[in-house]
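Trainee: Provided below: structure_32.txt, containing compact mmCIF, C-alpha atoms.
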```txt
# COMPACT_ATOMS: atom_id res chain seq x y z
CA MET U 1 -1.43 11.93 7.24
CA ALA U 2 -0.67 8.69 9.08
CA LYS U 3 -3.43 6.10 9.25
CA ASN U 4 -4.86 5.01 12.61
CA ALA U 5 -2.85 1.94 13.65
CA ASN U 6 -5.26 0.78 16.34
CA PRO U 7 -6.88 -2.64 15.83
CA VAL U 8 -10.53 -2.76 14.78
CA ARG U 9 -12.83 -1.83 17.67
CA GLY U 10 -13.69 -4.92 19.69
CA THR U 11 -10.42 -6.68 18.79
CA ARG U 12 -6.92 -6.40 20.17
CA ASP U 13 -3.25 -7.02 19.50
CA ILE U 14 -1.54 -9.59 21.72
CA MET U 15 2.03 -9.01 22.88
CA PRO U 16 4.76 -11.71 22.92
CA GLN U 17 4.73 -12.29 26.69
CA GLU U 18 0.99 -12.93 26.73
CA MET U 19 1.35 -15.21 23.70
CA ILE U 20 3.81 -17.37 25.66
CA LEU U 21 1.13 -17.82 28.33
CA ARG U 22 -1.61 -18.42 25.74
CA ASP U 23 0.46 -21.01 23.86
CA ASP U 24 1.33 -22.83 27.08
CA ILE U 25 -2.28 -22.92 28.29
CA GLU U 26 -3.64 -24.01 24.92
CA SER U 27 -1.09 -26.83 24.72
CA LEU U 28 -2.01 -28.07 28.22
CA ILE U 29 -5.74 -28.02 27.41
CA LEU U 30 -5.10 -29.80 24.10
CA LYS U 31 -2.91 -32.40 25.81
CA THR U 32 -5.66 -33.10 28.36
CA TYR U 33 -8.26 -33.47 25.64
CA ARG U 34 -6.07 -35.85 23.66
CA ASP U 35 -5.19 -37.86 26.77
CA HIS U 36 -8.93 -38.52 27.09
CA GLY U 37 -9.27 -39.87 23.55
CA PHE U 38 -10.56 -36.79 21.72
CA GLU U 39 -9.30 -36.03 18.20
CA ARG U 40 -8.65 -32.58 16.78
CA ILE U 41 -10.37 -31.29 13.66
CA GLU U 42 -10.51 -27.90 11.98
CA THR U 43 -13.38 -26.19 10.19
CA PRO U 44 -13.53 -22.93 8.18
CA ALA U 45 -14.19 -19.63 9.92
CA ILE U 46 -16.89 -18.90 7.31
CA GLU U 47 -20.13 -20.83 6.95
CA SER U 48 -23.23 -20.69 4.77
CA LEU U 49 -25.54 -17.90 5.92
CA ASP U 50 -28.53 -20.22 5.52
CA TYR U 51 -26.91 -22.67 7.98
CA LEU U 52 -26.06 -19.89 10.43
CA LEU U 53 -29.52 -18.32 10.41
CA ASP U 54 -31.22 -21.71 10.80
CA SER U 55 -29.02 -22.84 13.70
CA GLU U 56 -31.17 -21.78 16.69
CA GLY U 57 -28.26 -19.78 18.06
CA GLY U 58 -30.43 -17.58 20.29
CA GLU U 59 -29.24 -14.02 20.85
CA ASN U 60 -26.03 -14.75 18.93
CA LEU U 61 -27.94 -14.63 15.65
CA LYS U 62 -28.37 -10.90 16.26
CA MET U 63 -24.57 -10.57 16.36
CA LEU U 64 -23.66 -12.34 13.12
CA PHE U 65 -20.89 -10.95 10.95
CA THR U 66 -22.19 -11.47 7.41
CA ILE U 67 -20.24 -11.22 4.16
CA MET U 68 -21.78 -9.49 1.17
CA LYS U 69 -22.18 -11.32 -2.12
CA ARG U 70 -19.95 -10.24 -4.98
CA GLY U 71 -20.39 -9.79 -8.70
CA GLU U 72 -23.47 -11.19 -10.42
CA LYS U 73 -24.64 -12.89 -7.22
CA LEU U 74 -25.27 -9.52 -5.54
CA SER U 75 -28.85 -8.26 -5.64
CA LEU U 76 -29.49 -4.61 -4.82
CA SER U 77 -33.25 -4.46 -5.05
CA LYS U 78 -34.93 -1.75 -3.01
CA ASP U 79 -36.28 -4.09 -0.34
CA ALA U 80 -33.44 -6.64 -0.39
CA ASP U 81 -33.17 -8.68 2.83
CA ILE U 82 -30.04 -10.13 4.37
CA ARG U 83 -30.21 -13.37 2.37
CA GLU U 84 -30.29 -11.43 -0.92
CA LEU U 85 -27.29 -9.31 0.03
CA CYS U 86 -25.19 -11.95 1.80
CA ASP U 87 -24.66 -15.69 1.39
CA ILE U 88 -21.95 -16.47 3.96
CA GLY U 89 -20.99 -15.30 7.45
CA LEU U 90 -18.42 -15.81 10.20
CA ARG U 91 -19.06 -18.61 12.70
CA TYR U 92 -20.39 -17.42 16.07
CA ASP U 93 -19.44 -20.68 17.84
CA LEU U 94 -17.91 -24.07 16.99
CA THR U 95 -21.02 -26.26 17.38
CA LEU U 96 -22.69 -25.48 14.06
CA PRO U 97 -19.43 -26.02 12.10
CA LEU U 98 -18.92 -29.37 13.86
CA SER U 99 -22.44 -30.49 13.01
CA ARG U 100 -21.90 -29.62 9.35
CA PHE U 101 -18.44 -31.25 9.43
CA TYR U 102 -19.83 -34.49 10.81
CA SER U 103 -22.64 -34.61 8.24
CA ASN U 104 -20.12 -34.07 5.45
CA ASN U 105 -17.55 -36.60 6.72
CA SER U 106 -19.53 -39.17 8.72
CA GLN U 107 -18.63 -42.00 6.34
CA ASN U 108 -14.99 -41.63 7.43
CA LEU U 109 -15.63 -41.28 11.17
CA ASN U 110 -16.32 -43.86 13.87
CA LEU U 111 -19.13 -43.57 16.39
CA PRO U 112 -18.98 -42.29 18.96
CA PHE U 113 -16.83 -39.54 17.46
CA LYS U 114 -14.94 -37.49 20.06
CA ALA U 115 -13.93 -34.15 18.54
CA ILE U 116 -11.60 -31.32 19.59
CA GLN U 117 -11.94 -27.86 18.11
CA ILE U 118 -9.78 -24.92 19.19
CA GLY U 119 -10.27 -21.74 17.22
CA ASN U 120 -11.60 -18.21 17.01
CA VAL U 121 -15.28 -17.36 16.72
CA TYR U 122 -16.84 -13.99 15.86
CA ARG U 123 -19.74 -12.03 17.32
CA ALA U 124 -20.68 -8.39 16.72
CA GLU U 125 -20.70 -7.73 20.47
CA ARG U 126 -20.87 -4.27 21.97
CA PRO U 127 -17.18 -3.84 22.85
CA GLN U 128 -16.48 -3.65 26.58
CA LYS U 129 -13.89 -4.87 29.04
CA GLY U 130 -13.32 -8.61 28.66
CA ARG U 131 -15.70 -8.97 25.69
CA PHE U 132 -14.24 -9.10 22.20
CA ARG U 133 -15.65 -9.50 18.72
CA SER U 134 -13.09 -12.16 17.94
CA PHE U 135 -12.23 -14.69 20.64
CA LYS U 136 -10.97 -18.23 21.06
CA GLN U 137 -12.92 -21.25 22.30
CA CYS U 138 -11.65 -24.70 23.24
CA ASP U 139 -14.36 -27.28 22.52
CA ILE U 140 -14.79 -31.00 23.01
CA ASP U 141 -17.84 -32.85 21.73
CA ILE U 142 -19.09 -36.44 21.66
CA ILE U 143 -21.25 -37.41 18.69
CA GLY U 144 -23.24 -40.64 18.59
CA ASP U 145 -23.69 -41.40 22.30
CA THR U 146 -27.26 -41.23 23.65
CA THR U 147 -26.32 -42.11 27.23
CA PHE U 148 -25.50 -39.80 30.14
CA ALA U 149 -21.99 -41.30 30.11
CA ALA U 150 -21.15 -38.72 27.44
CA GLU U 151 -22.07 -35.84 29.77
CA VAL U 152 -20.01 -37.38 32.57
CA GLU U 153 -16.97 -37.76 30.33
CA LEU U 154 -17.20 -34.19 29.01
CA ILE U 155 -17.59 -32.62 32.46
CA ASP U 156 -14.78 -34.75 33.88
CA THR U 157 -12.39 -34.01 30.99
CA THR U 158 -13.10 -30.25 31.06
CA SER U 159 -12.65 -30.16 34.84
CA LYS U 160 -9.32 -31.97 34.56
CA ALA U 161 -8.17 -29.49 31.89
CA LEU U 162 -9.02 -26.55 34.17
CA GLU U 163 -7.28 -28.18 37.14
CA ARG U 164 -4.22 -28.86 34.99
CA ILE U 165 -3.80 -25.16 34.22
CA GLY U 166 -4.22 -24.12 37.84
CA PHE U 167 -7.94 -23.68 38.44
CA GLY U 168 -9.55 -25.31 41.45
CA ASP U 169 -12.53 -24.97 43.74
CA PHE U 170 -14.80 -24.05 40.84
CA ILE U 171 -18.52 -24.84 40.59
CA VAL U 172 -20.13 -26.99 37.91
CA ARG U 173 -23.78 -25.97 37.53
CA ILE U 174 -26.10 -28.41 35.77
CA ASN U 175 -29.70 -28.42 34.59
CA ASP U 176 -31.81 -30.04 31.87
CA ARG U 177 -33.66 -28.02 29.24
CA ARG U 178 -36.57 -30.47 29.47
CA ILE U 179 -36.95 -29.80 33.19
CA LEU U 180 -36.86 -26.06 32.58
CA SER U 181 -39.37 -26.30 29.70
CA GLY U 182 -41.73 -28.30 31.91
CA ILE U 183 -41.56 -25.71 34.68
CA ILE U 184 -42.20 -22.86 32.22
CA ARG U 185 -45.30 -24.62 30.89
CA SER U 186 -46.45 -25.44 34.44
CA ALA U 187 -46.23 -21.73 35.26
CA GLY U 188 -48.84 -21.00 32.58
CA PHE U 189 -46.73 -20.21 29.50
CA ASP U 190 -47.58 -21.95 26.22
CA THR U 191 -45.07 -24.16 24.38
CA ASP U 192 -44.36 -21.51 21.72
CA SER U 193 -43.21 -19.11 24.44
CA VAL U 194 -40.70 -21.46 26.10
CA GLU U 195 -37.68 -20.19 24.12
CA ILE U 196 -38.19 -16.47 24.72
CA VAL U 197 -39.04 -17.08 28.39
CA SER U 198 -35.86 -19.16 28.74
CA ILE U 199 -33.72 -16.38 27.26
CA ILE U 200 -35.15 -13.83 29.71
CA LEU U 201 -34.78 -16.21 32.67
CA ASP U 202 -31.13 -16.73 31.68
CA LYS U 203 -30.48 -13.08 32.56
CA LYS U 204 -31.49 -13.50 36.21
CA ASP U 205 -27.90 -13.42 37.52
CA LYS U 206 -27.43 -10.05 35.76
CA ILE U 207 -30.79 -8.29 36.16
CA GLY U 208 -32.14 -10.00 39.27
CA ARG U 209 -35.52 -11.48 40.11
CA ASP U 210 -37.50 -8.25 39.57
CA GLY U 211 -35.69 -7.63 36.30
CA VAL U 212 -36.82 -11.00 34.95
CA ILE U 213 -40.42 -10.37 35.97
CA ASN U 214 -40.40 -6.88 34.42
CA ASP U 215 -38.88 -8.16 31.16
CA LEU U 216 -41.54 -10.89 30.92
CA VAL U 217 -44.31 -8.36 31.56
CA GLU U 218 -42.84 -6.06 28.89
CA LYS U 219 -43.15 -9.00 26.47
CA GLU U 220 -46.87 -8.99 27.38
CA PHE U 221 -46.77 -12.16 29.48
CA PRO U 222 -49.07 -12.11 32.55
CA ARG U 223 -47.35 -10.94 35.73
CA ASP U 224 -48.94 -13.83 37.65
CA ASN U 225 -47.25 -16.34 35.31
CA ALA U 226 -43.91 -14.56 35.66
CA GLU U 227 -44.05 -14.54 39.45
CA LYS U 228 -45.17 -18.19 39.53
CA LEU U 229 -42.23 -19.16 37.29
CA LEU U 230 -39.68 -17.45 39.54
CA LEU U 231 -41.22 -19.02 42.62
CA MET U 232 -41.16 -22.51 41.08
CA THR U 233 -37.50 -22.24 40.04
CA GLU U 234 -36.59 -20.97 43.50
CA MET U 235 -38.44 -23.83 45.21
CA LEU U 236 -37.03 -26.59 42.99
CA THR U 237 -33.95 -28.29 44.46
CA GLU U 238 -32.03 -31.48 43.90
CA GLU U 239 -33.65 -32.92 47.02
CA ASN U 240 -37.28 -32.26 46.01
CA LEU U 241 -36.88 -32.88 42.28
CA ASP U 242 -39.02 -36.03 42.52
CA THR U 243 -42.03 -34.04 43.75
CA PHE U 244 -42.30 -32.15 40.45
CA GLU U 245 -44.10 -33.63 37.45
CA ILE U 246 -41.03 -34.19 35.30
CA ASP U 247 -40.17 -37.18 33.11
CA ASP U 248 -38.70 -39.91 35.33
CA GLU U 249 -35.92 -40.80 32.87
CA VAL U 250 -34.82 -37.15 32.66
CA LYS U 251 -34.66 -36.87 36.46
CA LYS U 252 -32.85 -40.20 36.78
CA ASN U 253 -30.16 -39.28 34.22
CA LEU U 254 -29.59 -35.87 35.79
CA LYS U 255 -29.14 -37.42 39.24
CA ASN U 256 -26.79 -40.07 37.83
CA VAL U 257 -24.57 -37.42 36.24
CA ILE U 258 -24.44 -35.36 39.44
CA GLN U 259 -23.61 -38.45 41.51
CA ALA U 260 -20.90 -39.61 39.10
CA ILE U 261 -19.19 -36.20 38.91
CA ARG U 262 -19.30 -35.79 42.70
CA SER U 263 -17.47 -39.09 43.07
CA LEU U 264 -14.88 -38.02 40.49
CA ALA U 265 -14.39 -34.50 41.88
CA LYS U 266 -13.25 -35.79 45.29
CA ASP U 267 -14.01 -32.40 46.88
CA SER U 268 -11.64 -30.51 44.53
CA TYR U 269 -14.65 -28.74 42.97
CA LYS U 270 -18.43 -28.71 43.41
CA ILE U 271 -21.33 -29.79 41.21
CA ILE U 272 -24.80 -28.38 41.90
CA PHE U 273 -28.24 -28.61 40.33
CA ASP U 274 -29.33 -25.14 39.17
CA PRO U 275 -32.93 -25.02 37.85
CA THR U 276 -32.43 -21.43 36.60
CA LEU U 277 -29.54 -22.38 34.31
CA VAL U 278 -30.67 -21.86 30.71
CA ARG U 279 -27.74 -21.42 28.31
CA GLY U 280 -28.60 -18.98 25.53
CA MET U 281 -28.53 -21.35 22.57
CA GLY U 282 -31.87 -22.58 21.32
CA TYR U 283 -30.35 -25.77 19.91
CA TYR U 284 -29.89 -27.40 23.33
CA THR U 285 -32.27 -30.33 23.82
CA GLY U 286 -31.27 -31.95 27.13
CA MET U 287 -28.71 -31.49 29.89
CA ILE U 288 -26.87 -28.17 30.01
CA PHE U 289 -23.94 -27.16 32.20
CA GLU U 290 -21.66 -24.26 33.07
CA ILE U 291 -18.57 -23.76 35.20
CA SER U 292 -18.18 -20.65 37.33
CA TYR U 293 -15.09 -19.61 39.26
CA GLY U 294 -14.45 -17.19 42.08
CA PRO U 295 -16.06 -13.75 42.27
CA TYR U 296 -16.31 -13.29 38.52
CA GLY U 297 -19.77 -12.65 37.12
CA PHE U 298 -19.40 -14.94 34.15
CA SER U 299 -18.90 -18.61 33.38
CA ILE U 300 -15.52 -19.92 32.23
CA ALA U 301 -16.95 -22.97 30.43
CA GLY U 302 -20.35 -24.09 29.19
CA GLY U 303 -22.13 -26.62 27.06
CA GLY U 304 -24.91 -29.14 26.74
CA ARG U 305 -26.70 -31.72 24.61
CA TYR U 306 -27.90 -30.78 21.11
CA ASP U 307 -29.42 -33.94 19.63
CA ASN U 308 -31.25 -32.23 16.75
CA MET U 309 -28.51 -30.07 15.23
CA ILE U 310 -26.87 -32.67 12.98
CA GLY U 311 -30.27 -33.69 11.63
CA LYS U 312 -30.51 -30.26 10.00
CA PHE U 313 -27.73 -31.29 7.62
CA SER U 314 -28.53 -34.96 7.03
CA LYS U 315 -31.56 -37.23 6.81
CA GLU U 316 -30.96 -38.87 10.17
CA SER U 317 -30.71 -37.29 13.59
CA VAL U 318 -27.51 -38.05 15.50
CA PRO U 319 -27.13 -37.45 19.27
CA ALA U 320 -24.45 -34.95 20.26
CA VAL U 321 -23.21 -33.16 23.36
CA GLY U 322 -20.36 -30.68 23.85
CA PHE U 323 -18.46 -28.55 26.36
CA SER U 324 -16.50 -25.37 25.61
CA ILE U 325 -13.84 -23.57 27.66
CA GLY U 326 -13.92 -19.78 27.24
CA PHE U 327 -10.22 -19.33 26.52
CA GLU U 328 -10.16 -15.52 26.69
CA ARG U 329 -11.89 -15.55 30.06
CA ILE U 330 -9.48 -17.99 31.67
CA ILE U 331 -6.49 -16.10 30.26
CA SER U 332 -7.78 -12.79 31.65
CA ILE U 333 -8.31 -14.38 35.08
CA MET U 334 -4.86 -15.97 35.05
CA MET U 335 -3.20 -12.67 34.15
CA GLU U 336 -5.21 -10.75 36.74
CA GLU U 337 -4.48 -13.25 39.52
CA ASN U 338 -0.97 -14.09 38.32
CA LYS U 339 -2.08 -17.72 38.55
CA TYR U 340 0.37 -19.24 36.12
CA LYS U 341 4.05 -18.84 35.42
CA PRO U 342 4.94 -19.62 31.80
CA ALA U 343 7.44 -22.40 31.27
CA ASP U 344 11.09 -21.40 31.61
CA TYR U 345 12.21 -20.98 28.01
CA LYS U 346 15.75 -19.96 29.00
CA LYS U 347 15.60 -17.14 26.47
CA LEU U 348 19.12 -16.47 25.17
CA ALA U 349 20.59 -13.82 22.87
CA LEU U 350 23.54 -15.03 20.80
CA ILE U 351 25.44 -11.91 19.79
CA TYR U 352 27.52 -11.95 16.62
CA LYS U 353 29.69 -9.14 15.20
CA SER U 354 29.24 -9.21 11.42
CA GLU U 355 27.24 -10.87 8.67
CA SER U 356 30.28 -12.94 7.71
CA GLU U 357 29.94 -14.80 11.03
CA ILE U 358 26.29 -15.73 10.54
CA ALA U 359 26.89 -19.35 9.47
CA SER U 360 29.03 -20.16 12.51
CA ALA U 361 26.57 -18.26 14.74
CA VAL U 362 23.71 -20.44 13.47
CA GLU U 363 25.76 -23.57 14.29
CA GLN U 364 26.45 -22.24 17.79
CA ALA U 365 22.75 -21.48 18.24
CA ASP U 366 21.77 -25.01 17.19
CA GLN U 367 24.07 -26.50 19.84
CA LEU U 368 22.58 -24.25 22.51
CA ARG U 369 19.03 -25.19 21.44
CA LYS U 370 19.91 -28.82 22.06
CA LEU U 371 20.72 -27.79 25.63
CA GLY U 372 17.23 -26.33 26.09
CA TYR U 373 17.80 -22.66 25.29
CA SER U 374 15.49 -20.57 23.10
CA VAL U 375 18.08 -18.74 21.01
CA SER U 376 17.78 -15.50 19.05
CA LEU U 377 20.59 -14.33 16.79
CA ILE U 378 21.29 -10.63 17.39
CA LYS U 379 23.95 -8.47 15.77
CA GLY U 380 26.15 -6.78 18.33
CA LYS U 381 26.35 -3.00 18.79
CA LYS U 382 29.34 -0.90 19.71
CA LYS U 383 28.07 -0.25 23.24
CA LEU U 384 27.53 -3.84 24.40
CA GLY U 385 26.59 -2.87 27.96
CA LYS U 386 23.68 -0.72 26.78
CA GLN U 387 22.57 -3.47 24.39
CA LEU U 388 22.57 -6.06 27.17
CA SER U 389 20.40 -3.79 29.33
CA GLN U 390 17.94 -3.51 26.44
CA LEU U 391 17.89 -7.30 25.98
CA GLU U 392 17.12 -7.77 29.66
CA THR U 393 14.22 -5.31 29.30
CA TYR U 394 12.95 -7.32 26.32
CA GLY U 395 12.74 -10.49 28.42
CA PHE U 396 16.02 -12.25 27.63
CA ASP U 397 17.51 -14.28 30.49
CA TYR U 398 20.95 -15.15 29.08
CA TYR U 399 23.42 -14.01 26.45
CA LEU U 400 26.47 -15.37 24.70
CA ASP U 401 29.06 -13.23 22.96
CA GLY U 402 29.79 -15.42 19.95
CA SER U 403 33.15 -13.74 19.34
CA LYS U 404 34.50 -14.76 22.75
CA ASN U 405 35.10 -18.14 24.33
CA GLU U 406 33.43 -17.20 27.62
CA GLY U 407 30.31 -19.39 27.62
CA VAL U 408 26.72 -18.49 28.44
CA LYS U 409 26.16 -15.67 30.93
CA GLU U 410 23.05 -14.69 32.82
CA LEU U 411 21.84 -11.18 32.12
CA GLY U 412 22.37 -8.97 35.15
CA THR U 413 25.86 -10.50 35.70
CA LYS U 414 27.64 -8.97 32.72
CA SER U 415 31.21 -9.22 33.99
```
Please rewrite the model in this file as structure tokens.

Mentor:
Amino acid sequence: MAKNANPVRGTRDIMPQEMILRDDIESLILKTYRDHGFERIETPAIESLDYLLDSEGGENLKMLFTIMKRGEKLSLSKDADIRELCDIGLRYDLTLPLSRFYSNNSQNLNLPFKAIQIGNVYRAERPQKGRFRSFKQCDIDIIGDTTFAAEVELIDTTSKALERIGFGDFIVRINDRRILSGIIRSAGFDTDSVEIVSIILDKKDKIGRDGVINDLVEKEFPRDNAEKLLLMTEMLTEENLDTFEIDDEVKKNLKNVIQAIRSLAKDSYKIIFDPTLVRGMGYYTGMIFEISYGPYGFSIAGGGRYDNMIGKFSKESVPAVGFSIGFERIISIMMEENKYKPADYKKLALIYKSESEIASAVEQADQLRKLGYSVSLIKGKKKLGKQLSQLETYGFDYYLDGSKNEGVKELGTKS
């Protein structure tokens, strides 16, 4: 009986034509990042389970893929918890690995350190359209800069990367966790409740105003507090920010970032203050931001400041802020809207007759590659016309019959 050849549920196989698009887009994003002075690093896909569980990753900690201990390390006691059974897990984002990386390698890195990470992360999501258990993120982070200049640079660089691949007229939404925490406390919630209240408030765009209130009441928070919180977030705007009892430095920095990005955007995209923006990660300590595009009910990029994360790995706390492009989301939008045409690779099939001709065929192919063709060596069949039709179906643009001195021909003009 044949085995099921489908990929694991929540994952997918990617066909060659989509990979051309993905490779092109990734290279353009990477080029933009590098043009802005960021440097690429790579970290392992697996991390210590202790680090993962202590990372304040919000709801993502419920979706960890953990790896069971082996051999003598494995404990199978009756009431064994996750830490007894497992000691490592798959990374759920790229921020925790970067924080560990910096702590381990800081003696060899300059400050501020501007990092690029592009790689897959893993979450045990409930599989559904557009949501996968393995997906790619494109991150940039600045470590060692306490000023709002770091936020400006990250938002500007990410916006330029999106514009470079064909996105425009998107919206950058910005908030500050400290503003949000202050509002939550002002609405009557105690400090220990701020995180859970933030997570519920973050769902407002999905479950609506009443949904947020009902969820808070189900968590046994007073309805009056819930309704007051929603009212306060709805009343708070960029224009009346000064009327709320919020730290002056926090308000000043937020306004400076908004003003700077507006001047850089030059009307090609918008930046708005959104007091309901939360971001699901508990490790955020300051400004947070997301980018939304078109009618889609999800963000295509997000990030924020996480000044306390690196301190979990080393004796001193180091300021840090990052921004991540959701690669799978932008690819799905580009394919749906046919937004981007992959570069013309001038895909050519060089047809040879027998194995004895392979050496000369390789030399011919090398000459054609110098002329800009992407050349595949393909052994000819008896019915050349049928083979050429198949090659055209497979995405080849040109062919060359290596046994004839006729030159390159475009498929579809076989005479």

Trainee: Using all atoms listed in the file, which residues sit within 10 Å of Gly294 of chain U once same-chain residues fewer than 3 positions away are excluded, as a PyMOL selection string?

Mentor: chain U and resi 167-171+297-299+333

Trainee: Given the point (-15.4, -16.3, 16.7) in the file's coordinates, find the residues that have an atom at most 9 Å from it, counting only C-alpha atoms, and give them as a ChimeraX atom specification.

Mentor: /U:45,90-94,119-123,133-137

Trainee: List the neighbours of Ser55 of chain U out to 10 Å using only C-alpha atoms; skip same-chain residues closer than 3 positions along the sequence, and give me the result as number ranges by chain.

Mentor: U: 49-52, 58, 61, 95-96, 281-283, 309, 312

Trainee: Generate a file of the selected residues that holds C-alpha atoms, formatted as an mmCIF file, keeping the file's coordinate frame.

Mentor:
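Everything below was put into again-v2.cif:
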```
data_model
loop_
_atom_site.group_PDB
_atom_site.id
_atom_site.type_symbol
_atom_site.label_atom_id
_atom_site.label_comp_id
_atom_site.auth_asym_id
_atom_site.auth_seq_id
_atom_site.Cartn_x
_atom_site.Cartn_y
_atom_site.Cartn_z
ATOM 1 C CA LEU U 49 -25.540 -17.900 5.920
ATOM 2 C CA ASP U 50 -28.530 -20.220 5.520
ATOM 3 C CA TYR U 51 -26.910 -22.670 7.980
ATOM 4 C CA LEU U 52 -26.060 -19.890 10.430
ATOM 5 C CA GLY U 58 -30.430 -17.580 20.290
ATOM 6 C CA LEU U 61 -27.940 -14.630 15.650
ATOM 7 C CA THR U 95 -21.020 -26.260 17.380
ATOM 8 C CA LEU U 96 -22.690 -25.480 14.060
ATOM 9 C CA MET U 281 -28.530 -21.350 22.570
ATOM 10 C CA GLY U 282 -31.870 -22.580 21.320
ATOM 11 C CA TYR U 283 -30.350 -25.770 19.910
ATOM 12 C CA MET U 309 -28.510 -30.070 15.230
ATOM 13 C CA LYS U 312 -30.510 -30.260 10.000
#
```

Trainee: One number please: atom CA of Ala124 of chain U to atom CA of Met63 of chain U, in Å, one decimal.

Mentor: 4.5 Å

Trainee: Please compute the atom CA of Arg34 of chain U-atom CA of Arg262 of chain U distance, one decimal, in Å.

Mentor: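 Atom-to-atom, atom CA of Arg34 of chain U and atom CA of Arg262 of chain U are spaced 23.2 Å apart.
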
Trainee: List as a PyMOL selection string the protein and nucleic acid residues near Phe189 of chain U, meaning an atom at most 12 Å away when all atoms listed in the file are counted, but skip any in the same chain fewer than 2 places from it.

Mentor: chain U and resi 180-187+191-198+216+220-229

Trainee: I want to know what sits within 12 Å of Tyr306 of chain U, based on only C-alpha atoms, with residues of the same chain fewer than 5 positions away left out; could you give that as a PDB file with C-alpha atoms, in the frame of the given file?

Mentor:
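The resulting out30.pdb:
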```pdb
ATOM      1  CA  SER U  55     -29.020 -22.840  13.700  1.00  0.00           C
ATOM      2  CA  GLU U  56     -31.170 -21.780  16.690  1.00  0.00           C
ATOM      3  CA  GLY U  57     -28.260 -19.780  18.060  1.00  0.00           C
ATOM      4  CA  THR U  95     -21.020 -26.260  17.380  1.00  0.00           C
ATOM      5  CA  LEU U  96     -22.690 -25.480  14.060  1.00  0.00           C
ATOM      6  CA  LEU U  98     -18.920 -29.370  13.860  1.00  0.00           C
ATOM      7  CA  SER U  99     -22.440 -30.490  13.010  1.00  0.00           C
ATOM      8  CA  ASP U 141     -17.840 -32.850  21.730  1.00  0.00           C
ATOM      9  CA  ILE U 142     -19.090 -36.440  21.660  1.00  0.00           C
ATOM     10  CA  ILE U 143     -21.250 -37.410  18.690  1.00  0.00           C
ATOM     11  CA  GLY U 144     -23.240 -40.640  18.590  1.00  0.00           C
ATOM     12  CA  ASP U 145     -23.690 -41.400  22.300  1.00  0.00           C
ATOM     13  CA  THR U 146     -27.260 -41.230  23.650  1.00  0.00           C
ATOM     14  CA  GLU U 151     -22.070 -35.840  29.770  1.00  0.00           C
ATOM     15  CA  ASP U 176     -31.810 -30.040  31.870  1.00  0.00           C
ATOM     16  CA  ARG U 177     -33.660 -28.020  29.240  1.00  0.00           C
ATOM     17  CA  ARG U 279     -27.740 -21.420  28.310  1.00  0.00           C
ATOM     18  CA  MET U 281     -28.530 -21.350  22.570  1.00  0.00           C
ATOM     19  CA  GLY U 282     -31.870 -22.580  21.320  1.00  0.00           C
ATOM     20  CA  TYR U 283     -30.350 -25.770  19.910  1.00  0.00           C
ATOM     21  CA  TYR U 284     -29.890 -27.400  23.330  1.00  0.00           C
ATOM     22  CA  THR U 285     -32.270 -30.330  23.820  1.00  0.00           C
ATOM     23  CA  GLY U 286     -31.270 -31.950  27.130  1.00  0.00           C
ATOM     24  CA  MET U 287     -28.710 -31.490  29.890  1.00  0.00           C
ATOM     25  CA  ILE U 288     -26.870 -28.170  30.010  1.00  0.00           C
ATOM     26  CA  GLY U 311     -30.270 -33.690  11.630  1.00  0.00           C
ATOM     27  CA  LYS U 312     -30.510 -30.260  10.000  1.00  0.00           C
ATOM     28  CA  SER U 317     -30.710 -37.290  13.590  1.00  0.00           C
ATOM     29  CA  VAL U 318     -27.510 -38.050  15.500  1.00  0.00           C
ATOM     30  CA  PRO U 319     -27.130 -37.450  19.270  1.00  0.00           C
ATOM     31  CA  ALA U 320     -24.450 -34.950  20.260  1.00  0.00           C
ATOM     32  CA  VAL U 321     -23.210 -33.160  23.360  1.00  0.00           C
ATOM     33  CA  GLY U 322     -20.360 -30.680  23.850  1.00  0.00           C
ATOM     34  CA  PHE U 323     -18.460 -28.550  26.360  1.00  0.00           C
TER      35      PHE U 323
END
```

Trainee: In Å to one decimal, how far is atom CA of Gly208 of chain U from atom CA of Phe244 of chain U?

Mentor: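 Between these atoms lies a distance of 24.4 Å.
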
Trainee: Between U:Met334, U:Ile351, U:Ile41, U:Ala359, single out the one closest to Leu388 of chain U, counting all atoms listed in the file.

Mentor: U:Ile351

Trainee: Of the candidates U:Val375, U:Ile358, U:Leu230, U:Ile118, which one gets nearest to Ser27 of chain U if we count all atoms listed in the file?

Mentor: U:Ile118

Trainee: Lys379 of chain U: which residues within 12 Å, counting only C-alpha atoms, same-chain residues fewer than 2 positions away excluded, as a VMD selection string?

Mentor: chain U and resid 349 to 358 361 376 to 377 381 to 384 387 to 388 391 400 to 403

Trainee: Hey, which of U:Ala5, U:Val362, U:Val212, U:Leu28 ends up closest to Cys138 of chain U? Count all atoms listed in the file.

Mentor: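 When distances to Cys138 of chain U are compared using all atoms listed in the file, the smallest one comes from U:Leu28.
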
Trainee: Can you work out which one of U:Asn104, U:Asn175, U:Gln259, U:Gly326 has the shortest atom-to-atom distance to Ala149 of chain U, counting all atoms listed in the file?

Mentor: U:Gln259
